[in-house]
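Engineer: To start, I am sharing the structure in question, which I have written as structure tokens.
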There are 2 protein chains.
Amino acid sequence: MRAIFVVLMLSAFESSATSQQLNLMPMPASVQMKTGQLVIDASFSVGISGPSNARLQRAVELFLDNLRRQTGMPSLDMKVTDAAHANLVVNSGGANKPVQELGEDESYALEISPAGGKLNAATPLGIMRGLQTFLQLVQTTADGFAAPAIAIEDKPRFPWRGLMIDVGRHFIPLDVLKRNLDGMAAVKLNVFHWHLSENQGFRVESKRFPNLQEMGSDGLYYTQDQVRDLVAYARDRGIRVVPEFDMPGHSTALFVGYPELASGPGPYQIERKWGIFDPAMDPTQEGTYKFLDGFIGEMARLFPDQYFHIGGDEVNGKQWDANPNIQAFMRAHELKNNQDLQAYFNTRVQKIVSKHGKTMEGWDEILRPGFPKDTVVQSWRGQDSLATAAKQGYRGLLSFGYYVDLNWPASRHYAVEPLSDAAANLSPDEKQRILGGEACMWSEYVSPESIDSRIWPRTAAIAERLWSTRDVTDVKSMYQRLEEVSRWLDWLGLTHNSSYAPMLRRIAGSNDISALRTLTDVVEPVKDYTREEIATVEATSLSPLNRVIDAARPESDTARRFADLVDGLISGRADADEKSEVKALLIRWRDNQAKLQPLEAQSFLLMEIIPVSQDLAAVATAGLQGLDYFDRGERAPQAWATQQFALLEQAQKPKAQLLLMVAPPVQKLIEASSGQKAPLPQK
Amino acid sequence: MRAIFVVLMLSAFESSATSQQLNLMPMPASVQMKTGQLVIDASFSVGISGPSNARLQRAVELFLDNLRRQTGMPSLDMKVTDAAHANLVVNSGGANKPVQELGEDESYALEISPAGGKLNAATPLGIMRGLQTFLQLVQTTADGFAAPAIAIEDKPRFPWRGLMIDVGRHFIPLDVLKRNLDGMAAVKLNVFHWHLSENQGFRVESKRFPNLQEMGSDGLYYTQDQVRDLVAYARDRGIRVVPEFDMPGHSTALFVGYPELASGPGPYQIERKWGIFDPAMDPTQEGTYKFLDGFIGEMARLFPDQYFHIGGDEVNGKQWDANPNIQAFMRAHELKNNQDLQAYFNTRVQKIVSKHGKTMEGWDEILRPGFPKDTVVQSWRGQDSLATAAKQGYRGLLSFGYYVDLNWPASRHYAVEPLSDAAANLSPDEKQRILGGEACMWSEYVSPESIDSRIWPRTAAIAERLWSTRDVTDVKSMYQRLEEVSRWLDWLGLTHNSSYAPMLRRIAGSNDISALRTLTDVVEPVKDYTREEIATVEATSLSPLNRVIDAARPESDTARRFADLVDGLISGRADADEKSEVKALLIRWRDNQAKLQPLEAQSFLLMEIIPVSQDLAAVATAGLQGLDYFDRGERAPQAWATQQFALLEQAQKPKAQLLLMVAPPVQKLIEASSGQKAPLPQK
């Protein structure tokens, strides 16, 4: 199996220009290329052999819808037919559980020959995964649309592969969630973790406690019918839906309608700012548990999944400290500190969750000795925290390293291995308790317009980490395939590519965005929580999200390409075309400020990026000079290099909360041309 | 009023680069520019003074949704507030009719000053129109988003301004229709004519006659709930919904489930081909009218609009001729020919339509002497046909000249004046009977992916023809504003711009579409019904719609721009920049074939355009040589010119059903450089 894989890596990925390239993501466990291809024409048909059911039928219909869209053949002849005459025959051993469970068999075997395709799986879930692989194989070829002859055997490495979307901080409408579920299915993610309550908003209709949505959502919430609709939509795509209602903290929006649940005196208002806030539920009042029993009971019926996420993170304890009744309660119950009090609360909540037939899940903080062992811990803290939990018998999943709101490059997420660090040293049984991971889309800085661009395509790299075997780590191959998958996700209506130009047109106040695009193509939003840390005006949930930082993609493909070219140049690997590409890029960047300048007076949204644009021109000028020295084989003078390093240090400081991503490779170029190292930047 | 308009034309449109440009479409009846602007920030609010109702409230909420999207401010502070403190105050005199009626007052007056805006109208309908004008006024400026200070008084020229979408030949899903309704509202169209039945499909659920949708739709139909949903959606946007059920012809799909209605023996199958077909209802059977009474009754309740369109076009009479019973009936009733028989049928149908409280509408053919005068005639034949009807006392609307499926340039639709030709000579009373017109989107060659690009932006030019005063005819201004409106329609989710690149990527089988785009940018689909006439393979409803002709836009902006540049060059008006733009374009086109060629082997969809690409290279080469003669002030030799004219004649013949739109301007250039006229092409 390994030998085949290596052959594939060489033949398919190294020669990216040939039709042999396989744009599969996540990479299947085993791939064997064969000879020839299966042509897909307007009369392509799928047959179901073996047992069938409504979910399998819908999976096949959805597959055909996708195939029609992908090929631009709105064909009525492309249909489900009897297996004896079908171009693709699917055979699922049996049905799935009525409610999709953790760990259900998702494996499949797909064989394609010029004569037809066969897709076998133990369950419809495996068929769904295999059909997505089939779609990724379809390409435009000289002989029509076709899938290459191939034999694939595939199964996931981890059983829990999720995407969390925070709809509390910014409400995300149902249609946006649906297209993201389509994206999840396309890269074989299987858990949608719906973060439904936050200080800034409570987002589900409760019939029992209607003040929750009526007073805590600004009118922006999902009705129960919409929830059921989404859950069914997800199920048809092989995705579980795990709801999260964060408690006892992160719940200011709940207290607007039910202030009696809080530990401090009201009244409460929906929070508009970002951060960690004082309000927390009162763990000492029986009324709190009575409410939670009613509320969790209602939600447990609405969300069929076995798992129920209670959050449990980031309680600062200030309301508890300030409340004499709570202090008295703690003394009476020998609760030494707020951690103990929260553990008491969690234990009570766990009993309620359990009473309503669900298994509790929460963030790292919920874990305390003696807690029921079926609890699942979602770790924002990391592999060591997961390992500790696993050793204690708890199951866990990793989200540390998978926060897509932090604007990391895909390669950085891709390198995050759930079974690394302390988790690498677990026993096989303990390792089994690491269920997988979840990409997390926290929504301080996203709107329906921009959220897709924060999730995609990078989440596909995380999906590969969680699905594919551990040794699938080739970053170059990942980026090649990620680009293909990104374009392919366009067919599903995801807007991570298509929203870019309209956002730039708004910023420019003009349809002529060429200069603005050239600049925005080479910047990235600042990383981690720097956007907040260096903000000159505090951002809130009311802030506009229409700036260059909102339009800029988390990872600049242009800058990555440029950095690769510069590396090739310095190491002597670059050919003439690559050399002239470096020069052409630098010239374009040098001249861009002159093109952007006339627009500056007409848009308030351009003003903040004038310094970035000036930096780009200066950096490119330095780069061109460095390139010139390098080309002539002449060592650049030390004084000149020192001057450029100073300029580059300035240019690498965030401006308008943006990073100029071509500055580091230009610095390398100048280092190479001068034989000097740039001084380390002063913090 | 006229004087103000002229001033506006000079100050606003001639100086298109200034922030004074008003991108209003349709152009209001009266516009007066003032000094300053109203800044729109995240706390922009709207107040309702005077009477309010749910429809008005929703109109304002929709307006705010659009404003949030357009400005990228997902602001909760942007809201409806009390009129005393609002930035924009709307005042509607009274409510509209429960069901929107033909001719309801749509006028409005909008005044904007730096201190705030006032929008007054007699009804919520006028408020809706004025809010759309407000949205079009909002621009990115140096001081923030802002609408210029202005006073607008506006009202439509015609009361019936429609868009027909044929969902019979290709089914168009509900969400696609909804985004097109958003587009309609944006350009103040007020009738959605829903062409719901065709030989190729019957598209509405009938509870009374379920075979209609179950056997006649391939499963592609709207449920009654969806119909009600769409009607409500349209009403919230000030749009009436007129259903059309075509009879007695164009109804093969009905006969699949109810063959007894037809004039010839069954069984019937859903038609896959395009054209005019023999099957027609049997007008001599009482069963036909019994069915129609039940069916029309059901649909009359489902569709609240007063008007009910029965089609009535293109009956070839062959089934009637071949049916002895029908022939006997005609003799017995002294019906001399098939026209008489159809008139008999129409008279019966009219009584049924009338019995169910509706006013009948139909295509030209329904008009026969003695028919009830309240009938509305939709004319595909033209203004003379309309004038004849008006003289007889019938009301009519024009669709001749507004068929957007024929791939005409916007300027050609724009020039079609309802009150021209014989209609120009009508009396004032007769002219009143010309209600307006409808753009028609017949759907032989559109899918959900491409339909927006066939409707938009050109339909905005038709909308202006029907709304604005007759003297708004400046084509240059129209194109400038059309481009702005086109980009602005992007915010509504219309895909006429965004679908282009993905379609090209599919054709190229590659993400590198630069060469394919260069070519596709300068071609247009053949016009009128030529696509069918010159097809080498007969197209059907099963045909793929993924070719370059499907991706190419009906009107090439690049070619139009190039033609303008060449005209400027020849007439000596062109400046140095424009001259070098001509040359740069020609060089790019000359070199494009070399760039496209490497892709050709990898995609079957590229093969058919190789000759077009070769033509482009040859035409550009000729153009460059002509330019060179022209630049040198040297007369090009006759023999050379003759050779180029021959080449250009070849290049102007459709290939792959495409027209190379830069060939005619290059021919002009060669004529100018040689002093020769190209021979007229041989037909």
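Simple scheme: letters A, B, ... for chains in structure tokens order, numbers from 1 for residues in each chain, numbers from 1 for ligands in the order shown.
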Write out as a PyMOL selection string the residues lying within 9 Å of Glu260 (chain A), counting only C-alpha atoms and excluding same-chain residues fewer than 2 positions away.

Structural biologist: chain A and resi 255+257-258+262-266+281-282+287-288

Engineer: Would you mind writing down, as JSON, numbers by chain, each residue of region 160-314 of chain B that DSSP on the backbone assigns to strand (DSSP E or B)?

Structural biologist: {"B": [160, 161, 162, 163, 164, 165, 166, 191, 192, 193, 194, 195, 197, 198, 201, 202, 204, 222, 240, 241, 242, 243, 244, 262, 273, 281, 307, 308, 309]}

Engineer: Using DSSP on the backbone, list every residue of region 188-330 of chain A that comes out as alpha helix (DSSP H), and give them as a short mmCIF file (atom, residue, chain, number, x, y, z; two decimals) with N, CA, C and O atoms, in the first residue's frame.

Structural biologist:
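Listing of result.cif after writing:
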data_model
loop_
_atom_site.label_atom_id
_atom_site.label_comp_id
_atom_site.auth_asym_id
_atom_site.auth_seq_id
_atom_site.Cartn_x
_atom_site.Cartn_y
_atom_site.Cartn_z
N ASN A 211 -38.51 34.21 26.10
CA ASN A 211 -37.70 35.42 26.29
C ASN A 211 -36.27 35.24 25.79
O ASN A 211 -35.59 36.21 25.49
N LEU A 212 -35.83 33.98 25.75
CA LEU A 212 -34.46 33.73 25.31
C LEU A 212 -34.23 34.34 23.94
O LEU A 212 -33.32 35.14 23.75
N GLN A 213 -35.08 33.94 22.97
CA GLN A 213 -34.87 34.50 21.63
C GLN A 213 -35.50 35.88 21.48
O GLN A 213 -34.98 36.72 20.75
N GLU A 214 -36.60 36.11 22.20
CA GLU A 214 -37.28 37.38 21.98
C GLU A 214 -36.50 38.56 22.55
O GLU A 214 -36.55 39.66 22.02
N MET A 215 -35.79 38.33 23.65
CA MET A 215 -35.05 39.44 24.25
C MET A 215 -33.54 39.31 24.06
O MET A 215 -32.81 40.27 24.26
N GLY A 216 -33.10 38.13 23.66
CA GLY A 216 -31.65 37.90 23.64
C GLY A 216 -31.03 37.75 22.26
O GLY A 216 -29.86 37.32 22.16
N GLN A 224 -37.51 26.70 15.48
CA GLN A 224 -37.32 25.25 15.65
C GLN A 224 -37.50 24.53 14.32
O GLN A 224 -36.82 23.53 14.06
N ASP A 225 -38.40 25.01 13.47
CA ASP A 225 -38.54 24.40 12.14
C ASP A 225 -37.25 24.52 11.35
O ASP A 225 -36.85 23.58 10.65
N GLN A 226 -36.62 25.67 11.47
CA GLN A 226 -35.35 25.85 10.74
C GLN A 226 -34.27 24.93 11.28
O GLN A 226 -33.47 24.38 10.52
N VAL A 227 -34.26 24.75 12.61
CA VAL A 227 -33.28 23.83 13.20
C VAL A 227 -33.51 22.42 12.66
O VAL A 227 -32.57 21.75 12.22
N ARG A 228 -34.77 21.99 12.66
CA ARG A 228 -35.06 20.65 12.14
C ARG A 228 -34.66 20.52 10.67
O ARG A 228 -34.13 19.51 10.24
N ASP A 229 -34.92 21.59 9.93
CA ASP A 229 -34.55 21.63 8.52
C ASP A 229 -33.03 21.46 8.37
O ASP A 229 -32.55 20.64 7.57
N LEU A 230 -32.28 22.18 9.17
CA LEU A 230 -30.82 22.10 9.06
C LEU A 230 -30.30 20.73 9.48
O LEU A 230 -29.39 20.17 8.86
N VAL A 231 -30.89 20.19 10.54
CA VAL A 231 -30.45 18.87 11.01
C VAL A 231 -30.70 17.81 9.93
O VAL A 231 -29.85 16.95 9.65
N ALA A 232 -31.86 17.90 9.25
CA ALA A 232 -32.16 16.95 8.18
C ALA A 232 -31.21 17.16 7.00
O ALA A 232 -30.72 16.19 6.39
N TYR A 233 -30.93 18.42 6.71
CA TYR A 233 -30.00 18.76 5.62
C TYR A 233 -28.62 18.16 5.91
O TYR A 233 -27.99 17.58 5.03
N ALA A 234 -28.20 18.29 7.15
CA ALA A 234 -26.90 17.75 7.55
C ALA A 234 -26.90 16.22 7.47
O ALA A 234 -25.97 15.61 6.95
N ARG A 235 -27.96 15.62 7.94
CA ARG A 235 -28.03 14.17 7.94
C ARG A 235 -27.94 13.62 6.52
O ARG A 235 -27.27 12.61 6.28
N THR A 252 -24.56 36.09 28.77
CA THR A 252 -25.24 37.36 29.05
C THR A 252 -26.56 37.47 28.29
O THR A 252 -27.56 37.96 28.82
N ALA A 253 -26.56 37.01 27.02
CA ALA A 253 -27.78 37.15 26.21
C ALA A 253 -28.96 36.38 26.81
O ALA A 253 -30.12 36.77 26.66
N LEU A 254 -28.67 35.30 27.55
CA LEU A 254 -29.75 34.56 28.24
C LEU A 254 -30.34 35.38 29.37
O LEU A 254 -31.53 35.26 29.68
N PHE A 255 -29.46 36.14 30.01
CA PHE A 255 -29.90 36.87 31.21
C PHE A 255 -30.77 38.07 30.88
O PHE A 255 -31.43 38.62 31.75
N VAL A 256 -30.76 38.50 29.60
CA VAL A 256 -31.61 39.64 29.24
C VAL A 256 -33.07 39.28 29.50
O VAL A 256 -33.82 40.06 30.11
N GLY A 257 -33.44 38.08 29.10
CA GLY A 257 -34.82 37.63 29.31
C GLY A 257 -35.03 36.95 30.65
O GLY A 257 -36.16 36.90 31.15
N GLU A 286 -31.56 26.67 43.16
CA GLU A 286 -32.26 25.53 42.54
C GLU A 286 -33.00 25.98 41.28
O GLU A 286 -33.19 25.21 40.35
N GLY A 287 -33.41 27.27 41.25
CA GLY A 287 -34.11 27.79 40.07
C GLY A 287 -33.28 27.65 38.80
O GLY A 287 -33.81 27.43 37.71
N THR A 288 -31.97 27.78 38.96
CA THR A 288 -31.09 27.63 37.80
C THR A 288 -31.24 26.23 37.20
O THR A 288 -31.37 26.07 35.99
N TYR A 289 -31.24 25.23 38.07
CA TYR A 289 -31.31 23.85 37.57
C TYR A 289 -32.69 23.50 37.08
O TYR A 289 -32.85 22.68 36.17
N LYS A 290 -33.68 24.14 37.66
CA LYS A 290 -35.04 23.92 37.17
C LYS A 290 -35.17 24.47 35.75
O LYS A 290 -35.71 23.82 34.85
N PHE A 291 -34.63 25.67 35.57
CA PHE A 291 -34.62 26.24 34.22
C PHE A 291 -33.86 25.32 33.27
O PHE A 291 -34.33 24.99 32.18
N LEU A 292 -32.66 24.90 33.69
CA LEU A 292 -31.83 24.10 32.78
C LEU A 292 -32.48 22.76 32.46
O LEU A 292 -32.37 22.26 31.34
N ASP A 293 -33.17 22.19 33.44
CA ASP A 293 -33.88 20.93 33.18
C ASP A 293 -34.91 21.13 32.08
O ASP A 293 -35.00 20.35 31.14
N GLY A 294 -35.68 22.21 32.21
CA GLY A 294 -36.69 22.48 31.18
C GLY A 294 -36.06 22.82 29.85
O GLY A 294 -36.44 22.30 28.79
N PHE A 295 -35.04 23.66 29.90
CA PHE A 295 -34.43 24.13 28.66
C PHE A 295 -33.66 23.01 27.96
O PHE A 295 -33.83 22.76 26.76
N ILE A 296 -32.82 22.31 28.71
CA ILE A 296 -32.04 21.23 28.10
C ILE A 296 -32.97 20.13 27.59
O ILE A 296 -32.74 19.55 26.53
N GLY A 297 -34.03 19.88 28.35
CA GLY A 297 -35.00 18.88 27.90
C GLY A 297 -35.58 19.26 26.55
O GLY A 297 -35.67 18.43 25.63
N GLU A 298 -35.95 20.53 26.41
CA GLU A 298 -36.53 20.98 25.14
C GLU A 298 -35.51 20.87 24.00
O GLU A 298 -35.81 20.38 22.92
N MET A 299 -34.29 21.30 24.26
CA MET A 299 -33.25 21.27 23.23
C MET A 299 -32.81 19.84 22.92
O MET A 299 -32.45 19.52 21.79
N ALA A 300 -32.83 19.00 23.93
CA ALA A 300 -32.44 17.60 23.71
C ALA A 300 -33.41 16.92 22.75
O ALA A 300 -33.03 16.04 21.98
N ARG A 301 -34.67 17.33 22.80
CA ARG A 301 -35.65 16.78 21.85
C ARG A 301 -35.47 17.39 20.46
O ARG A 301 -35.69 16.73 19.46
N LEU A 302 -35.07 18.65 20.44
CA LEU A 302 -34.94 19.33 19.14
C LEU A 302 -33.71 18.85 18.37
O LEU A 302 -33.76 18.72 17.15
N LYS A 318 -16.04 36.66 38.70
CA LYS A 318 -16.21 37.92 39.43
C LYS A 318 -17.59 38.06 40.05
O LYS A 318 -17.74 38.55 41.17
N GLN A 319 -18.62 37.64 39.31
CA GLN A 319 -19.97 37.72 39.90
C GLN A 319 -20.10 36.79 41.11
O GLN A 319 -20.80 37.11 42.07
N TRP A 320 -19.45 35.66 41.04
CA TRP A 320 -19.51 34.73 42.17
C TRP A 320 -18.81 35.32 43.41
O TRP A 320 -19.32 35.25 44.52
N ASP A 321 -17.63 35.91 43.13
CA ASP A 321 -16.89 36.51 44.24
C ASP A 321 -17.70 37.60 44.93
O ASP A 321 -17.60 37.80 46.15
N ALA A 322 -18.48 38.32 44.14
CA ALA A 322 -19.16 39.50 44.66
C ALA A 322 -20.50 39.18 45.31
O ALA A 322 -21.15 40.06 45.86
N PRO A 324 -22.63 37.55 48.13
CA PRO A 324 -22.49 36.97 49.49
C PRO A 324 -23.22 35.63 49.62
O PRO A 324 -22.72 34.71 50.29
N ASN A 325 -24.38 35.49 48.95
CA ASN A 325 -25.11 34.23 49.06
C ASN A 325 -24.30 33.08 48.46
O ASN A 325 -24.26 31.97 48.98
N ILE A 326 -23.66 33.39 47.34
CA ILE A 326 -22.85 32.36 46.69
C ILE A 326 -21.65 32.02 47.57
O ILE A 326 -21.28 30.85 47.74
N GLN A 327 -21.04 33.05 48.15
CA GLN A 327 -19.90 32.80 49.04
C GLN A 327 -20.32 31.94 50.22
O GLN A 327 -19.61 31.01 50.61
N ALA A 328 -21.49 32.22 50.77
CA ALA A 328 -22.01 31.44 51.89
C ALA A 328 -22.25 30.00 51.48
O ALA A 328 -21.90 29.04 52.19
N PHE A 329 -22.82 29.84 50.28
CA PHE A 329 -23.09 28.51 49.75
C PHE A 329 -21.80 27.72 49.62
O PHE A 329 -21.71 26.54 49.97
N MET A 330 -20.75 28.39 49.09
CA MET A 330 -19.47 27.71 48.91
C MET A 330 -18.91 27.23 50.25
O MET A 330 -18.40 26.13 50.35
#

Engineer: Which neighbours of Thr223 (chain A) fall inside 9 Å, counting only C-alpha atoms, when residues of the same chain fewer than 6 positions from it are skipped, and could you give them as a list in words?

Structural biologist: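 Counting only the stated atoms, we get Arg203, Val204, Glu205 and Ser206 of chain A.
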
Engineer: Go ahead and dump the residues you just picked, all heavy atoms, as a PDB file, in the first residue's frame.

Structural biologist:
ATOM      1  N   ARG A 203     -29.546  32.164  19.999  1.00  0.00           N
ATOM      2  CA  ARG A 203     -29.949  32.045  18.599  1.00  0.00           C
ATOM      3  C   ARG A 203     -30.959  30.958  18.259  1.00  0.00           C
ATOM      4  O   ARG A 203     -31.139  30.649  17.079  1.00  0.00           O
ATOM      5  CB  ARG A 203     -28.696  31.814  17.742  1.00  0.00           C
ATOM      6  CG  ARG A 203     -27.604  32.859  17.885  1.00  0.00           C
ATOM      7  CD  ARG A 203     -28.074  34.243  17.495  1.00  0.00           C
ATOM      8  NE  ARG A 203     -26.984  35.233  17.533  1.00  0.00           N
ATOM      9  CZ  ARG A 203     -27.181  36.539  17.460  1.00  0.00           C
ATOM     10  NH1 ARG A 203     -28.406  37.034  17.341  1.00  0.00           N
ATOM     11  NH2 ARG A 203     -26.166  37.374  17.502  1.00  0.00           N
ATOM     12  N   VAL A 204     -31.581  30.337  19.255  1.00  0.00           N
ATOM     13  CA  VAL A 204     -32.575  29.310  18.937  1.00  0.00           C
ATOM     14  C   VAL A 204     -33.901  29.645  19.600  1.00  0.00           C
ATOM     15  O   VAL A 204     -33.929  30.100  20.743  1.00  0.00           O
ATOM     16  CB  VAL A 204     -32.123  27.909  19.420  1.00  0.00           C
ATOM     17  CG1 VAL A 204     -33.211  26.871  19.160  1.00  0.00           C
ATOM     18  CG2 VAL A 204     -30.849  27.494  18.723  1.00  0.00           C
ATOM     19  N   GLU A 205     -34.939  29.409  18.876  1.00  0.00           N
ATOM     20  CA  GLU A 205     -36.270  29.579  19.451  1.00  0.00           C
ATOM     21  C   GLU A 205     -36.505  28.543  20.551  1.00  0.00           C
ATOM     22  O   GLU A 205     -36.320  27.343  20.330  1.00  0.00           O
ATOM     23  CB  GLU A 205     -37.319  29.386  18.348  1.00  0.00           C
ATOM     24  CG  GLU A 205     -38.758  29.418  18.837  1.00  0.00           C
ATOM     25  CD  GLU A 205     -39.742  28.943  17.768  1.00  0.00           C
ATOM     26  OE1 GLU A 205     -39.343  28.142  16.889  1.00  0.00           O
ATOM     27  OE2 GLU A 205     -40.898  29.368  17.817  1.00  0.00           O
ATOM     28  N   SER A 206     -36.875  29.015  21.720  1.00  0.00           N
ATOM     29  CA  SER A 206     -37.347  28.117  22.763  1.00  0.00           C
ATOM     30  C   SER A 206     -38.835  28.383  22.941  1.00  0.00           C
ATOM     31  O   SER A 206     -39.253  29.526  23.127  1.00  0.00           O
ATOM     32  CB  SER A 206     -36.618  28.367  24.082  1.00  0.00           C
ATOM     33  OG  SER A 206     -37.301  27.697  25.146  1.00  0.00           O
TER      34      SER A 206
END

Engineer: Contacts from chain A to chain B, 6 Å maximum, only C-alpha atoms: show me the residue list as a ChimeraX atom specification.

Structural biologist: /A:72-73,75,140-144,509,542,544-546,601-604

Engineer: With N, CA and C atoms retained, export the selected residues as a short mmCIF file (atom, residue, chain, number, x, y, z; two decimals), in the first residue's frame.

Structural biologist:
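Printed below is result_7.cif as written:
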data_model
loop_
_atom_site.label_atom_id
_atom_site.label_comp_id
_atom_site.auth_asym_id
_atom_site.auth_seq_id
_atom_site.Cartn_x
_atom_site.Cartn_y
_atom_site.Cartn_z
N GLY A 72 -22.15 21.28 -15.88
CA GLY A 72 -22.98 22.16 -16.70
C GLY A 72 -23.91 21.39 -17.62
N MET A 73 -24.28 20.20 -17.18
CA MET A 73 -25.23 19.42 -17.97
C MET A 73 -26.51 19.31 -17.15
N SER A 75 -28.96 17.83 -17.17
CA SER A 75 -29.57 16.72 -17.88
C SER A 75 -30.58 15.96 -17.04
N THR A 140 -12.50 17.82 -16.74
CA THR A 140 -12.66 18.08 -18.17
C THR A 140 -11.46 17.47 -18.89
N THR A 141 -11.71 16.61 -19.86
CA THR A 141 -10.60 16.00 -20.60
C THR A 141 -10.85 16.17 -22.10
N ALA A 142 -9.90 15.69 -22.87
CA ALA A 142 -10.03 15.79 -24.32
C ALA A 142 -11.23 14.98 -24.82
N ASP A 143 -11.60 13.95 -24.09
CA ASP A 143 -12.68 13.08 -24.56
C ASP A 143 -14.01 13.34 -23.85
N GLY A 144 -14.11 14.41 -23.16
CA GLY A 144 -15.34 14.70 -22.41
C GLY A 144 -15.02 14.76 -20.94
N GLY A 509 -14.85 52.13 -4.14
CA GLY A 509 -15.88 53.04 -4.61
C GLY A 509 -15.82 53.17 -6.12
N LEU A 542 -21.32 45.81 16.46
CA LEU A 542 -21.93 46.80 15.56
C LEU A 542 -20.94 47.33 14.54
N PRO A 544 -18.62 47.98 11.40
CA PRO A 544 -18.61 47.58 9.99
C PRO A 544 -17.53 46.52 9.74
N LEU A 545 -17.80 45.65 8.78
CA LEU A 545 -16.81 44.64 8.40
C LEU A 545 -16.55 44.77 6.90
N ASN A 546 -16.15 45.96 6.54
CA ASN A 546 -16.02 46.30 5.12
C ASN A 546 -14.65 46.88 4.79
N ALA A 601 -8.55 59.56 -2.92
CA ALA A 601 -9.38 60.70 -2.50
C ALA A 601 -10.86 60.38 -2.55
N GLN A 602 -11.23 59.33 -3.23
CA GLN A 602 -12.66 59.09 -3.40
C GLN A 602 -13.23 58.06 -2.44
N SER A 603 -12.41 57.47 -1.59
CA SER A 603 -12.95 56.47 -0.67
C SER A 603 -12.34 56.53 0.72
N PHE A 604 -13.18 56.67 1.71
CA PHE A 604 -12.70 56.68 3.10
C PHE A 604 -12.10 55.34 3.49
#

Engineer: Check the smallest atom-to-atom distance from each of B:Arg553, B:Arg237, B:His195, B:His333 to Leu62 (chain B) using only C-alpha atoms, then report the winner.

Structural biologist: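 Checking each candidate against Leu62 (chain B), we get B:Arg237 as the closest.
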
Engineer: Could you jot down the CA of Asp557 (chain A) to CA of Pro457 (chain A) separation for me, Å, one decimal place?

Structural biologist: 11.6 Å

Engineer: Show which residues sit within 12 Å of Gln378 (chain A), as number ranges by chain. Count only C-alpha atoms, and ignore same-chain residues fewer than 2 positions away.

Structural biologist: A: 160-162, 164, 193, 244, 307-313, 360-367, 375-376, 380-383, 385-387, 389-390, 394-400, 402, 418, 433-440

Engineer: Need the shell around Tyr414 (chain B): protein/DNA/RNA residues with any atom at most 8 Å away, counting only C-alpha atoms. Skip same-chain ones fewer than 4 positions apart. Format as a PyMOL selection string?

Structural biologist: chain B and resi 410+461-462+464-465+473

Engineer: Quick one: distance from CA of Leu88 (chain B) to CA of Glu61 (chain B) in Å, one decimal?

Structural biologist: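 Pair CA of Leu88 (chain B) / CA of Glu61 (chain B) returns 12.9 Å.
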